[in-house]
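Q: Here you go, target.cif (mmCIF, C-alpha atoms):
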data_structure
#
loop_
_atom_site.group_PDB
_atom_site.id
_atom_site.type_symbol
_atom_site.label_atom_id
_atom_site.label_comp_id
_atom_site.auth_asym_id
_atom_site.auth_seq_id
_atom_site.Cartn_x
_atom_site.Cartn_y
_atom_site.Cartn_z
ATOM 1 C CA MET W 1 -2.529 73.054 -2.205
ATOM 2 C CA ARG W 2 -5.841 74.415 -0.905
ATOM 3 C CA THR W 3 -8.973 72.252 -1.019
ATOM 4 C CA VAL W 4 -12.493 73.286 -0.035
ATOM 5 C CA ILE W 5 -14.881 70.489 0.960
ATOM 6 C CA ALA W 6 -18.669 70.803 0.935
ATOM 7 C CA GLY W 7 -20.266 68.779 3.723
ATOM 8 C CA GLY W 8 -17.197 69.366 5.855
ATOM 9 C CA HIS W 9 -18.599 67.669 8.962
ATOM 10 C CA GLY W 10 -19.544 64.433 7.199
ATOM 11 C CA GLN W 11 -17.887 61.163 8.147
ATOM 12 C CA ILE W 12 -15.877 60.912 4.931
ATOM 13 C CA ALA W 13 -15.095 64.647 4.866
ATOM 14 C CA LEU W 14 -13.614 64.680 8.379
ATOM 15 C CA ARG W 15 -11.365 61.755 7.445
ATOM 16 C CA LEU W 16 -10.334 63.533 4.233
ATOM 17 C CA GLU W 17 -9.593 66.752 6.123
ATOM 18 C CA ARG W 18 -7.261 64.872 8.476
ATOM 19 C CA LEU W 19 -5.406 63.285 5.559
ATOM 20 C CA LEU W 20 -4.999 66.526 3.621
ATOM 21 C CA ALA W 21 -3.910 68.478 6.704
ATOM 22 C CA ALA W 22 -1.441 65.739 7.673
ATOM 23 C CA ARG W 23 0.301 65.986 4.313
ATOM 24 C CA GLY W 24 0.629 69.748 4.696
ATOM 25 C CA ASP W 25 -2.249 70.906 2.493
ATOM 26 C CA GLU W 26 -4.527 73.787 3.396
ATOM 27 C CA VAL W 27 -8.109 72.564 3.770
ATOM 28 C CA ALA W 28 -11.428 74.244 4.515
ATOM 29 C CA GLY W 29 -14.741 72.542 5.204
ATOM 30 C CA ILE W 30 -18.145 74.111 4.564
ATOM 31 C CA ILE W 31 -20.526 73.344 7.441
ATOM 32 C CA ARG W 32 -24.114 74.293 8.222
ATOM 33 C CA LYS W 33 -23.840 74.617 12.010
ATOM 34 C CA ALA W 34 -21.321 76.751 13.913
ATOM 35 C CA GLU W 35 -21.195 74.149 16.697
ATOM 36 C CA GLN W 36 -19.480 71.737 14.269
ATOM 37 C CA ALA W 37 -16.485 74.083 13.874
ATOM 38 C CA ASP W 38 -14.353 72.594 16.658
ATOM 39 C CA ASP W 39 -14.498 69.130 15.086
ATOM 40 C CA LEU W 40 -13.076 70.582 11.867
ATOM 41 C CA ARG W 41 -10.339 72.481 13.669
ATOM 42 C CA GLU W 42 -9.413 69.259 15.456
ATOM 43 C CA ALA W 43 -9.121 67.593 12.032
ATOM 44 C CA GLY W 44 -6.811 70.381 10.870
ATOM 45 C CA ALA W 45 -9.380 72.156 8.694
ATOM 46 C CA GLU W 46 -10.651 75.716 8.589
ATOM 47 C CA PRO W 47 -14.421 75.756 9.296
ATOM 48 C CA VAL W 48 -16.579 77.809 6.927
ATOM 49 C CA VAL W 49 -20.179 78.230 8.117
ATOM 50 C CA LEU W 50 -22.518 78.401 5.121
ATOM 51 C CA ASP W 51 -25.846 76.687 4.384
ATOM 52 C CA LEU W 52 -25.701 75.291 0.845
ATOM 53 C CA GLU W 53 -29.490 74.929 0.813
ATOM 54 C CA SER W 54 -29.981 78.701 1.052
ATOM 55 C CA ALA W 55 -26.691 80.250 -0.144
ATOM 56 C CA SER W 56 -26.318 81.996 -3.507
ATOM 57 C CA VAL W 57 -23.782 81.017 -6.168
ATOM 58 C CA ASP W 58 -21.876 84.238 -5.428
ATOM 59 C CA GLU W 59 -21.684 83.445 -1.698
ATOM 60 C CA VAL W 60 -20.315 79.966 -2.344
ATOM 61 C CA ALA W 61 -17.919 81.204 -5.050
ATOM 62 C CA GLU W 62 -16.507 83.705 -2.564
ATOM 63 C CA ARG W 63 -15.589 80.827 -0.209
ATOM 64 C CA LEU W 64 -14.036 78.895 -3.093
ATOM 65 C CA ARG W 65 -11.923 81.695 -4.485
ATOM 66 C CA GLY W 66 -8.215 80.886 -4.347
ATOM 67 C CA ALA W 67 -8.758 77.135 -3.912
ATOM 68 C CA ASP W 68 -6.924 74.592 -6.075
ATOM 69 C CA ALA W 69 -9.636 71.957 -5.735
ATOM 70 C CA ALA W 70 -13.234 71.545 -4.586
ATOM 71 C CA VAL W 71 -14.739 68.328 -3.207
ATOM 72 C CA PHE W 72 -18.491 67.812 -2.875
ATOM 73 C CA ALA W 73 -18.965 65.362 0.005
ATOM 74 C CA ALA W 74 -22.264 66.704 1.361
ATOM 75 C CA GLY W 75 -25.353 64.549 1.764
ATOM 76 C CA ALA W 76 -28.796 64.868 3.247
ATOM 77 C CA GLY W 77 -28.134 61.782 5.378
ATOM 78 C CA PRO W 78 -30.037 58.536 5.962
ATOM 79 C CA GLY W 79 -32.731 60.084 8.172
ATOM 80 C CA SER W 80 -33.801 62.760 5.684
ATOM 81 C CA GLY W 81 -36.873 62.753 3.473
ATOM 82 C CA ALA W 82 -37.261 62.978 -0.288
ATOM 83 C CA THR W 83 -37.291 66.788 -0.335
ATOM 84 C CA ARG W 84 -33.775 67.072 1.102
ATOM 85 C CA LYS W 85 -32.453 64.517 -1.370
ATOM 86 C CA ASP W 86 -33.312 67.119 -3.999
ATOM 87 C CA THR W 87 -32.134 70.182 -2.043
ATOM 88 C CA VAL W 88 -28.835 68.671 -0.837
ATOM 89 C CA ASP W 89 -27.815 65.668 -2.924
ATOM 90 C CA LYS W 90 -28.831 67.356 -6.176
ATOM 91 C CA ALA W 91 -29.325 71.128 -5.818
ATOM 92 C CA ALA W 92 -26.403 71.758 -3.432
ATOM 93 C CA ALA W 93 -24.082 69.741 -5.695
ATOM 94 C CA VAL W 94 -25.202 71.786 -8.713
ATOM 95 C CA LEU W 95 -24.741 75.018 -6.737
ATOM 96 C CA PHE W 96 -21.249 73.985 -5.591
ATOM 97 C CA ALA W 97 -20.239 73.094 -9.160
ATOM 98 C CA ASP W 98 -21.549 76.405 -10.530
ATOM 99 C CA ALA W 99 -19.705 78.255 -7.751
ATOM 100 C CA ALA W 100 -16.468 76.418 -8.585
ATOM 101 C CA VAL W 101 -16.820 77.532 -12.216
ATOM 102 C CA LYS W 102 -17.473 81.117 -11.107
ATOM 103 C CA ALA W 103 -14.474 81.068 -8.745
ATOM 104 C CA GLY W 104 -12.195 79.588 -11.393
ATOM 105 C CA VAL W 105 -11.557 76.350 -9.487
ATOM 106 C CA ARG W 106 -11.093 73.716 -12.191
ATOM 107 C CA ARG W 107 -10.378 70.589 -10.139
ATOM 108 C CA PHE W 108 -13.697 69.221 -8.895
ATOM 109 C CA VAL W 109 -14.338 65.852 -7.240
ATOM 110 C CA ILE W 110 -17.854 64.745 -6.359
ATOM 111 C CA VAL W 111 -18.719 61.869 -4.024
ATOM 112 C CA SER W 112 -21.649 60.100 -5.639
ATOM 113 C CA SER W 113 -23.173 56.685 -5.029
ATOM 114 C CA MET W 114 -23.013 53.349 -6.775
ATOM 115 C CA GLY W 115 -26.219 52.995 -8.795
ATOM 116 C CA ALA W 116 -26.750 56.756 -9.177
ATOM 117 C CA ASP W 117 -28.795 57.315 -12.331
ATOM 118 C CA PRO W 118 -31.048 60.210 -13.378
ATOM 119 C CA ARG W 119 -33.371 57.637 -15.002
ATOM 120 C CA HIS W 120 -33.591 55.411 -11.911
ATOM 121 C CA GLN W 121 -37.168 54.259 -11.349
ATOM 122 C CA GLY W 122 -39.129 54.031 -8.105
ATOM 123 C CA ASP W 123 -40.688 56.191 -5.402
ATOM 124 C CA GLU W 124 -38.933 54.995 -2.249
ATOM 125 C CA ILE W 125 -36.574 57.429 -0.484
ATOM 126 C CA PHE W 126 -33.527 55.532 -1.732
ATOM 127 C CA ASP W 127 -34.868 55.665 -5.302
ATOM 128 C CA VAL W 128 -35.210 59.454 -5.003
ATOM 129 C CA TYR W 129 -31.661 59.582 -3.614
ATOM 130 C CA LEU W 130 -30.160 57.608 -6.516
ATOM 131 C CA ARG W 131 -32.020 59.811 -8.998
ATOM 132 C CA ALA W 132 -30.838 63.013 -7.265
ATOM 133 C CA LYS W 133 -27.218 61.824 -7.223
ATOM 134 C CA GLY W 134 -27.479 60.771 -10.857
ATOM 135 C CA GLU W 135 -28.884 64.151 -11.875
ATOM 136 C CA ALA W 136 -26.087 65.946 -9.997
ATOM 137 C CA ASP W 137 -23.474 63.768 -11.716
ATOM 138 C CA ALA W 138 -24.999 64.429 -15.132
ATOM 139 C CA TYR W 139 -24.961 68.188 -14.498
ATOM 140 C CA VAL W 140 -21.292 68.166 -13.444
ATOM 141 C CA ARG W 141 -20.346 66.117 -16.522
ATOM 142 C CA GLY W 142 -21.799 68.888 -18.691
ATOM 143 C CA LEU W 143 -19.507 71.605 -17.281
ATOM 144 C CA ASP W 144 -16.512 72.026 -19.586
ATOM 145 C CA ALA W 145 -14.983 74.567 -17.186
ATOM 146 C CA LEU W 146 -14.395 71.818 -14.592
ATOM 147 C CA ASP W 147 -11.814 69.035 -14.531
ATOM 148 C CA TRP W 148 -14.262 66.755 -12.758
ATOM 149 C CA THR W 149 -13.960 63.248 -11.349
ATOM 150 C CA ILE W 150 -17.010 61.391 -10.022
ATOM 151 C CA LEU W 151 -16.390 58.775 -7.312
ATOM 152 C CA ARG W 152 -19.080 56.178 -6.609
ATOM 153 C CA PRO W 153 -18.255 54.122 -3.501
ATOM 154 C CA GLY W 154 -19.961 50.850 -2.706
ATOM 155 C CA GLN W 155 -21.512 50.022 0.669
ATOM 156 C CA LEU W 156 -19.850 52.298 3.243
ATOM 157 C CA THR W 157 -18.569 50.741 6.464
ATOM 158 C CA ASP W 158 -16.833 52.028 9.593
ATOM 159 C CA ASP W 159 -14.274 49.202 9.497
ATOM 160 C CA ALA W 160 -10.646 50.298 9.736
ATOM 161 C CA GLY W 161 -9.241 51.092 6.317
ATOM 162 C CA THR W 162 -6.933 48.562 4.694
ATOM 163 C CA GLY W 163 -5.487 50.884 2.043
ATOM 164 C CA LEU W 164 -6.392 48.224 -0.544
ATOM 165 C CA VAL W 165 -9.109 48.992 -3.076
ATOM 166 C CA ARG W 166 -10.605 48.260 -6.456
ATOM 167 C CA LEU W 167 -11.151 51.459 -8.458
ATOM 168 C CA GLU W 168 -12.565 51.054 -11.944
ATOM 169 C CA ALA W 169 -15.315 52.305 -14.235
ATOM 170 C CA HIS W 170 -17.369 49.277 -13.136
ATOM 171 C CA THR W 171 -16.403 47.218 -10.093
ATOM 172 C CA GLY W 172 -19.651 45.486 -9.191
ATOM 173 C CA ARG W 173 -21.093 45.921 -5.719
ATOM 174 C CA GLY W 174 -19.153 45.483 -2.512
ATOM 175 C CA PRO W 175 -18.230 47.160 0.783
ATOM 176 C CA ILE W 176 -15.631 49.882 1.306
ATOM 177 C CA PRO W 177 -14.470 51.436 4.599
ATOM 178 C CA ARG W 178 -14.935 55.209 4.834
ATOM 179 C CA ASP W 179 -11.223 55.421 5.702
ATOM 180 C CA ASP W 180 -10.368 54.064 2.267
ATOM 181 C CA VAL W 181 -12.868 56.330 0.489
ATOM 182 C CA ALA W 182 -11.156 59.331 2.100
ATOM 183 C CA ALA W 183 -7.719 58.011 1.104
ATOM 184 C CA VAL W 184 -8.843 57.635 -2.513
ATOM 185 C CA LEU W 185 -10.331 61.149 -2.491
ATOM 186 C CA ALA W 186 -7.061 62.591 -1.183
ATOM 187 C CA GLU W 187 -5.234 60.898 -4.048
ATOM 188 C CA LEU W 188 -7.818 61.932 -6.667
ATOM 189 C CA VAL W 189 -7.690 65.598 -5.634
ATOM 190 C CA ASP W 190 -3.981 65.499 -6.427
ATOM 191 C CA THR W 191 -4.347 63.539 -9.692
ATOM 192 C CA PRO W 192 -5.910 65.778 -12.368
ATOM 193 C CA ALA W 193 -5.223 63.039 -14.942
ATOM 194 C CA THR W 194 -8.372 61.343 -13.587
ATOM 195 C CA ALA W 195 -10.499 64.238 -14.901
ATOM 196 C CA GLY W 196 -13.463 63.122 -16.979
ATOM 197 C CA LEU W 197 -13.764 59.747 -15.254
ATOM 198 C CA THR W 198 -16.669 58.248 -13.336
ATOM 199 C CA LEU W 199 -15.205 55.608 -11.028
ATOM 200 C CA GLU W 200 -16.677 52.939 -8.787
ATOM 201 C CA LEU W 201 -14.856 52.004 -5.592
ATOM 202 C CA ILE W 202 -14.912 48.903 -3.402
ATOM 203 C CA SER W 203 -12.344 47.061 -1.301
ATOM 204 C CA GLY W 204 -9.891 45.152 -3.438
ATOM 205 C CA PRO W 205 -6.291 44.102 -4.056
ATOM 206 C CA ALA W 206 -4.532 47.337 -5.048
ATOM 207 C CA PRO W 207 -2.891 49.964 -2.817
ATOM 208 C CA VAL W 208 -4.745 53.281 -3.115
ATOM 209 C CA SER W 209 -1.948 55.137 -4.942
ATOM 210 C CA VAL W 210 -1.499 52.256 -7.408
ATOM 211 C CA ALA W 211 -5.256 52.050 -8.043
ATOM 212 C CA VAL W 212 -5.494 55.781 -8.791
ATOM 213 C CA LYS W 213 -2.420 55.781 -11.040
ATOM 214 C CA SER W 214 -3.783 52.819 -12.995
ATOM 215 C CA VAL W 215 -6.976 54.692 -13.977
ATOM 216 C CA ALA W 216 -5.318 58.108 -14.503
ATOM 217 C CA GLY W 217 -5.366 59.205 -18.101
ATOM 218 C CA ASN W 218 -7.844 56.472 -19.161
#
Could you write out this file's structure as structure tokens?
A:
Amino acid sequence: MRTVIAGGHGQIALRLERLLAARGDEVAGIIRKAEQADDLREAGAEPVVLDLESASVDEVAERLRGADAAVFAAGAGPGSGATRKDTVDKAAAVLFADAAVKAGVRRFVIVSSMGADPRHQGDEIFDVYLRAKGEADAYVRGLDALDWTILRPGQLTDDAGTGLVRLEAHTGRGPIPRDDVAAVLAELVDTPATAGLTLELISGPAPVSVAVKSVAGN
């Protein structure tokens, strides 16, 4: 299986790349800076240098061609301003989804955020972020050519993963290690029966594979 990940140098993406490579999958990560390439190679992923804020749909589709799945794990990051929430968290996600359609890649998983909502009110940076993520999610939901799954993790931590999660349409707020987010993504990529679901994720009682199987087909 070949998976292409947008935001390939992100903290969750690097963990996901390691997991996919370890199970024998082919994985490529789209990165903005050539100097990030060695980190991807170390994780077992093929680095693809492409700036999603300036690339065309055709350019991105070319990198996606032949993939079995696409994962959008890019983000403007905590230090960025409102403008990049729109250009990365929203516009780059829309671009990546359109490119997946053009390349014929049906399986599409997007890493969103708990509380993402296109109607979210407020003018703080985090409000803009939640609106941008919500608008990206809404756009992806409208694409019939994609078998999409939207994952909305709770508060991300760098604690060691436990492999135990709660994955449901509505979990309520709570923390989740990035290790466990990556493990859930690896399982979701391989579980097309979760297509059409928007799922919240926090730490919980169920092993990752059990949690994903229990929502599949719902």
Q: Check the smallest atom-to-atom distance from each of W:Ala69, W:Ala91, W:Leu199, W:Ala34 to Ser113 of chain W using all atoms listed in the file, then report the winner.
A: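 Closest residue, counting all atoms listed in the file: W:Leu199.
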Q: With only C-alpha atoms as the atoms that count, which of W:Gln11, W:Ser56, W:Thr149, W:Thr87 lies nearest to Leu185 of chain W?
A: W:Thr149
Q: Distance atom CA of Ala136 of chain W-atom CA of Gly163 of chain W, one decimal place?
A: 28.2 Å
Q: Neighbours of Lys133 of chain W within 8 Å (all atoms listed in the file; same-chain residues fewer than 5 positions away dropped), as a list in words?
A: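 So, after excluding close chain neighbours, the residues are Asp89, Lys90, Ser112, Ser113, Ala116, Asp117 and Pro118 of chain W.
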Q: Please compute the atom CA of Gly24 of chain W-atom CA of Val60 of chain W distance, one decimal, in Å.
A: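 Separation of atom CA of Gly24 of chain W and atom CA of Val60 of chain W: 24.3 Å.
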Q: Rounded to one decimal place, report the atom CA of Val57 of chain W-atom CA of Ala92 of chain W distance in Å.
A: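 Between these atoms lies a distance of 10.0 Å.
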Q: Name all residues at most 12 Å from segment 203-218 of chain W (count all atoms listed in the file; drop same-chain ones fewer than 3 positions away) and give them as JSON, numbers by chain.
A: {"W": [149, 151, 153, 154, 155, 156, 157, 159, 160, 161, 162, 163, 164, 165, 166, 167, 168, 169, 170, 171, 172, 173, 174, 175, 176, 177, 178, 179, 180, 181, 182, 183, 184, 185, 186, 187, 188, 189, 190, 191, 192, 193, 194, 195, 196, 197, 198, 199, 200]}
Q: Please, could you write that set of residues out with C-alpha atoms as a short mmCIF file (atom, residue, chain, number, x, y, z; two decimals), keeping the file's coordinate frame?
A:
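What ended up in again06.cif:
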data_model
loop_
_atom_site.label_atom_id
_atom_site.label_comp_id
_atom_site.auth_asym_id
_atom_site.auth_seq_id
_atom_site.Cartn_x
_atom_site.Cartn_y
_atom_site.Cartn_z
CA THR W 149 -13.96 63.25 -11.35
CA LEU W 151 -16.39 58.78 -7.31
CA PRO W 153 -18.26 54.12 -3.50
CA GLY W 154 -19.96 50.85 -2.71
CA GLN W 155 -21.51 50.02 0.67
CA LEU W 156 -19.85 52.30 3.24
CA THR W 157 -18.57 50.74 6.46
CA ASP W 159 -14.27 49.20 9.50
CA ALA W 160 -10.65 50.30 9.74
CA GLY W 161 -9.24 51.09 6.32
CA THR W 162 -6.93 48.56 4.69
CA GLY W 163 -5.49 50.88 2.04
CA LEU W 164 -6.39 48.22 -0.54
CA VAL W 165 -9.11 48.99 -3.08
CA ARG W 166 -10.60 48.26 -6.46
CA LEU W 167 -11.15 51.46 -8.46
CA GLU W 168 -12.56 51.05 -11.94
CA ALA W 169 -15.32 52.30 -14.24
CA HIS W 170 -17.37 49.28 -13.14
CA THR W 171 -16.40 47.22 -10.09
CA GLY W 172 -19.65 45.49 -9.19
CA ARG W 173 -21.09 45.92 -5.72
CA GLY W 174 -19.15 45.48 -2.51
CA PRO W 175 -18.23 47.16 0.78
CA ILE W 176 -15.63 49.88 1.31
CA PRO W 177 -14.47 51.44 4.60
CA ARG W 178 -14.94 55.21 4.83
CA ASP W 179 -11.22 55.42 5.70
CA ASP W 180 -10.37 54.06 2.27
CA VAL W 181 -12.87 56.33 0.49
CA ALA W 182 -11.16 59.33 2.10
CA ALA W 183 -7.72 58.01 1.10
CA VAL W 184 -8.84 57.64 -2.51
CA LEU W 185 -10.33 61.15 -2.49
CA ALA W 186 -7.06 62.59 -1.18
CA GLU W 187 -5.23 60.90 -4.05
CA LEU W 188 -7.82 61.93 -6.67
CA VAL W 189 -7.69 65.60 -5.63
CA ASP W 190 -3.98 65.50 -6.43
CA THR W 191 -4.35 63.54 -9.69
CA PRO W 192 -5.91 65.78 -12.37
CA ALA W 193 -5.22 63.04 -14.94
CA THR W 194 -8.37 61.34 -13.59
CA ALA W 195 -10.50 64.24 -14.90
CA GLY W 196 -13.46 63.12 -16.98
CA LEU W 197 -13.76 59.75 -15.25
CA THR W 198 -16.67 58.25 -13.34
CA LEU W 199 -15.20 55.61 -11.03
CA GLU W 200 -16.68 52.94 -8.79
#
Q: For a quick check of understanding, using all atoms listed in the file, which of W:Arg15, W:His120, W:Arg23, W:Arg32 has the smallest distance to Gly75 of chain W?
A: W:Arg32
Q: With only C-alpha atoms as the atoms that count, which of W:Ser80, W:Thr3, W:Ser54, W:Gln121 lies nearest to Asp25 of chain W?
A: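 For Asp25 of chain W, the nearest of the given residues is W:Thr3.
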Q: Would you mind completing segment 83-104 of chain W so that it carries N, CA, C and O atoms, and writing it out as a PDB file, in the frame of the given file?
A:
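Saved to part32.pdb:
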ATOM      1  N   THR W  83     -37.524  65.380   0.013  1.00  0.00           N
ATOM      2  CA  THR W  83     -37.291  66.788  -0.335  1.00  0.00           C
ATOM      3  C   THR W  83     -35.828  67.152  -0.196  1.00  0.00           C
ATOM      4  O   THR W  83     -35.251  67.807  -1.073  1.00  0.00           O
ATOM      5  N   ARG W  84     -35.184  66.702   0.886  1.00  0.00           N
ATOM      6  CA  ARG W  84     -33.775  67.072   1.102  1.00  0.00           C
ATOM      7  C   ARG W  84     -32.824  66.300   0.204  1.00  0.00           C
ATOM      8  O   ARG W  84     -31.685  66.716   0.002  1.00  0.00           O
ATOM      9  N   LYS W  85     -33.282  65.184  -0.355  1.00  0.00           N
ATOM     10  CA  LYS W  85     -32.453  64.517  -1.370  1.00  0.00           C
ATOM     11  C   LYS W  85     -32.301  65.466  -2.560  1.00  0.00           C
ATOM     12  O   LYS W  85     -31.232  65.560  -3.156  1.00  0.00           O
ATOM     13  N   ASP W  86     -33.375  66.169  -2.884  1.00  0.00           N
ATOM     14  CA  ASP W  86     -33.312  67.119  -3.999  1.00  0.00           C
ATOM     15  C   ASP W  86     -32.558  68.392  -3.627  1.00  0.00           C
ATOM     16  O   ASP W  86     -31.784  68.913  -4.426  1.00  0.00           O
ATOM     17  N   THR W  87     -32.756  68.902  -2.402  1.00  0.00           N
ATOM     18  CA  THR W  87     -32.134  70.182  -2.043  1.00  0.00           C
ATOM     19  C   THR W  87     -30.656  70.032  -1.690  1.00  0.00           C
ATOM     20  O   THR W  87     -29.890  70.985  -1.851  1.00  0.00           O
ATOM     21  N   VAL W  88     -30.246  68.858  -1.207  1.00  0.00           N
ATOM     22  CA  VAL W  88     -28.835  68.671  -0.837  1.00  0.00           C
ATOM     23  C   VAL W  88     -28.105  67.831  -1.876  1.00  0.00           C
ATOM     24  O   VAL W  88     -27.145  68.283  -2.505  1.00  0.00           O
ATOM     25  N   ASP W  89     -28.548  66.591  -2.067  1.00  0.00           N
ATOM     26  CA  ASP W  89     -27.815  65.668  -2.924  1.00  0.00           C
ATOM     27  C   ASP W  89     -27.789  66.117  -4.389  1.00  0.00           C
ATOM     28  O   ASP W  89     -26.831  65.830  -5.104  1.00  0.00           O
ATOM     29  N   LYS W  90     -28.820  66.834  -4.809  1.00  0.00           N
ATOM     30  CA  LYS W  90     -28.831  67.356  -6.176  1.00  0.00           C
ATOM     31  C   LYS W  90     -28.535  68.851  -6.210  1.00  0.00           C
ATOM     32  O   LYS W  90     -27.508  69.286  -6.740  1.00  0.00           O
ATOM     33  N   ALA W  91     -29.422  69.674  -5.645  1.00  0.00           N
ATOM     34  CA  ALA W  91     -29.325  71.128  -5.818  1.00  0.00           C
ATOM     35  C   ALA W  91     -28.036  71.706  -5.220  1.00  0.00           C
ATOM     36  O   ALA W  91     -27.405  72.578  -5.823  1.00  0.00           O
ATOM     37  N   ALA W  92     -27.623  71.227  -4.046  1.00  0.00           N
ATOM     38  CA  ALA W  92     -26.403  71.758  -3.432  1.00  0.00           C
ATOM     39  C   ALA W  92     -25.174  71.364  -4.248  1.00  0.00           C
ATOM     40  O   ALA W  92     -24.213  72.140  -4.357  1.00  0.00           O
ATOM     41  N   ALA W  93     -25.200  70.169  -4.838  1.00  0.00           N
ATOM     42  CA  ALA W  93     -24.082  69.741  -5.695  1.00  0.00           C
ATOM     43  C   ALA W  93     -23.994  70.618  -6.936  1.00  0.00           C
ATOM     44  O   ALA W  93     -22.896  71.034  -7.351  1.00  0.00           O
ATOM     45  N   VAL W  94     -25.146  70.910  -7.527  1.00  0.00           N
ATOM     46  CA  VAL W  94     -25.202  71.786  -8.713  1.00  0.00           C
ATOM     47  C   VAL W  94     -24.698  73.185  -8.348  1.00  0.00           C
ATOM     48  O   VAL W  94     -23.896  73.795  -9.074  1.00  0.00           O
ATOM     49  N   LEU W  95     -25.167  73.704  -7.212  1.00  0.00           N
ATOM     50  CA  LEU W  95     -24.741  75.018  -6.737  1.00  0.00           C
ATOM     51  C   LEU W  95     -23.224  75.063  -6.531  1.00  0.00           C
ATOM     52  O   LEU W  95     -22.550  76.014  -6.946  1.00  0.00           O
ATOM     53  N   PHE W  96     -22.686  74.031  -5.888  1.00  0.00           N
ATOM     54  CA  PHE W  96     -21.249  73.985  -5.591  1.00  0.00           C
ATOM     55  C   PHE W  96     -20.433  73.929  -6.886  1.00  0.00           C
ATOM     56  O   PHE W  96     -19.388  74.580  -6.999  1.00  0.00           O
ATOM     57  N   ALA W  97     -20.921  73.174  -7.865  1.00  0.00           N
ATOM     58  CA  ALA W  97     -20.239  73.094  -9.160  1.00  0.00           C
ATOM     59  C   ALA W  97     -20.276  74.442  -9.880  1.00  0.00           C
ATOM     60  O   ALA W  97     -19.257  74.903 -10.414  1.00  0.00           O
ATOM     61  N   ASP W  98     -21.440  75.078  -9.901  1.00  0.00           N
ATOM     62  CA  ASP W  98     -21.549  76.405 -10.530  1.00  0.00           C
ATOM     63  C   ASP W  98     -20.634  77.419  -9.847  1.00  0.00           C
ATOM     64  O   ASP W  98     -20.009  78.260 -10.503  1.00  0.00           O
ATOM     65  N   ALA W  99     -20.555  77.336  -8.509  1.00  0.00           N
ATOM     66  CA  ALA W  99     -19.705  78.255  -7.751  1.00  0.00           C
ATOM     67  C   ALA W  99     -18.232  78.012  -8.056  1.00  0.00           C
ATOM     68  O   ALA W  99     -17.438  78.960  -8.140  1.00  0.00           O
ATOM     69  N   ALA W 100     -17.854  76.739  -8.234  1.00  0.00           N
ATOM     70  CA  ALA W 100     -16.468  76.418  -8.585  1.00  0.00           C
ATOM     71  C   ALA W 100     -16.113  77.024  -9.943  1.00  0.00           C
ATOM     72  O   ALA W 100     -15.025  77.591 -10.114  1.00  0.00           O
ATOM     73  N   VAL W 101     -17.038  76.919 -10.899  1.00  0.00           N
ATOM     74  CA  VAL W 101     -16.820  77.532 -12.216  1.00  0.00           C
ATOM     75  C   VAL W 101     -16.633  79.038 -12.064  1.00  0.00           C
ATOM     76  O   VAL W 101     -15.697  79.635 -12.611  1.00  0.00           O
ATOM     77  N   LYS W 102     -17.518  79.658 -11.303  1.00  0.00           N
ATOM     78  CA  LYS W 102     -17.473  81.117 -11.107  1.00  0.00           C
ATOM     79  C   LYS W 102     -16.184  81.552 -10.416  1.00  0.00           C
ATOM     80  O   LYS W 102     -15.630  82.622 -10.714  1.00  0.00           O
ATOM     81  N   ALA W 103     -15.688  80.730  -9.491  1.00  0.00           N
ATOM     82  CA  ALA W 103     -14.474  81.068  -8.745  1.00  0.00           C
ATOM     83  C   ALA W 103     -13.202  80.680  -9.490  1.00  0.00           C
ATOM     84  O   ALA W 103     -12.092  80.959  -9.019  1.00  0.00           O
ATOM     85  N   GLY W 104     -13.363  80.001 -10.616  1.00  0.00           N
ATOM     86  CA  GLY W 104     -12.195  79.588 -11.393  1.00  0.00           C
ATOM     87  C   GLY W 104     -11.456  78.396 -10.815  1.00  0.00           C
ATOM     88  O   GLY W 104     -10.269  78.203 -11.063  1.00  0.00           O
TER      89      GLY W 104
END
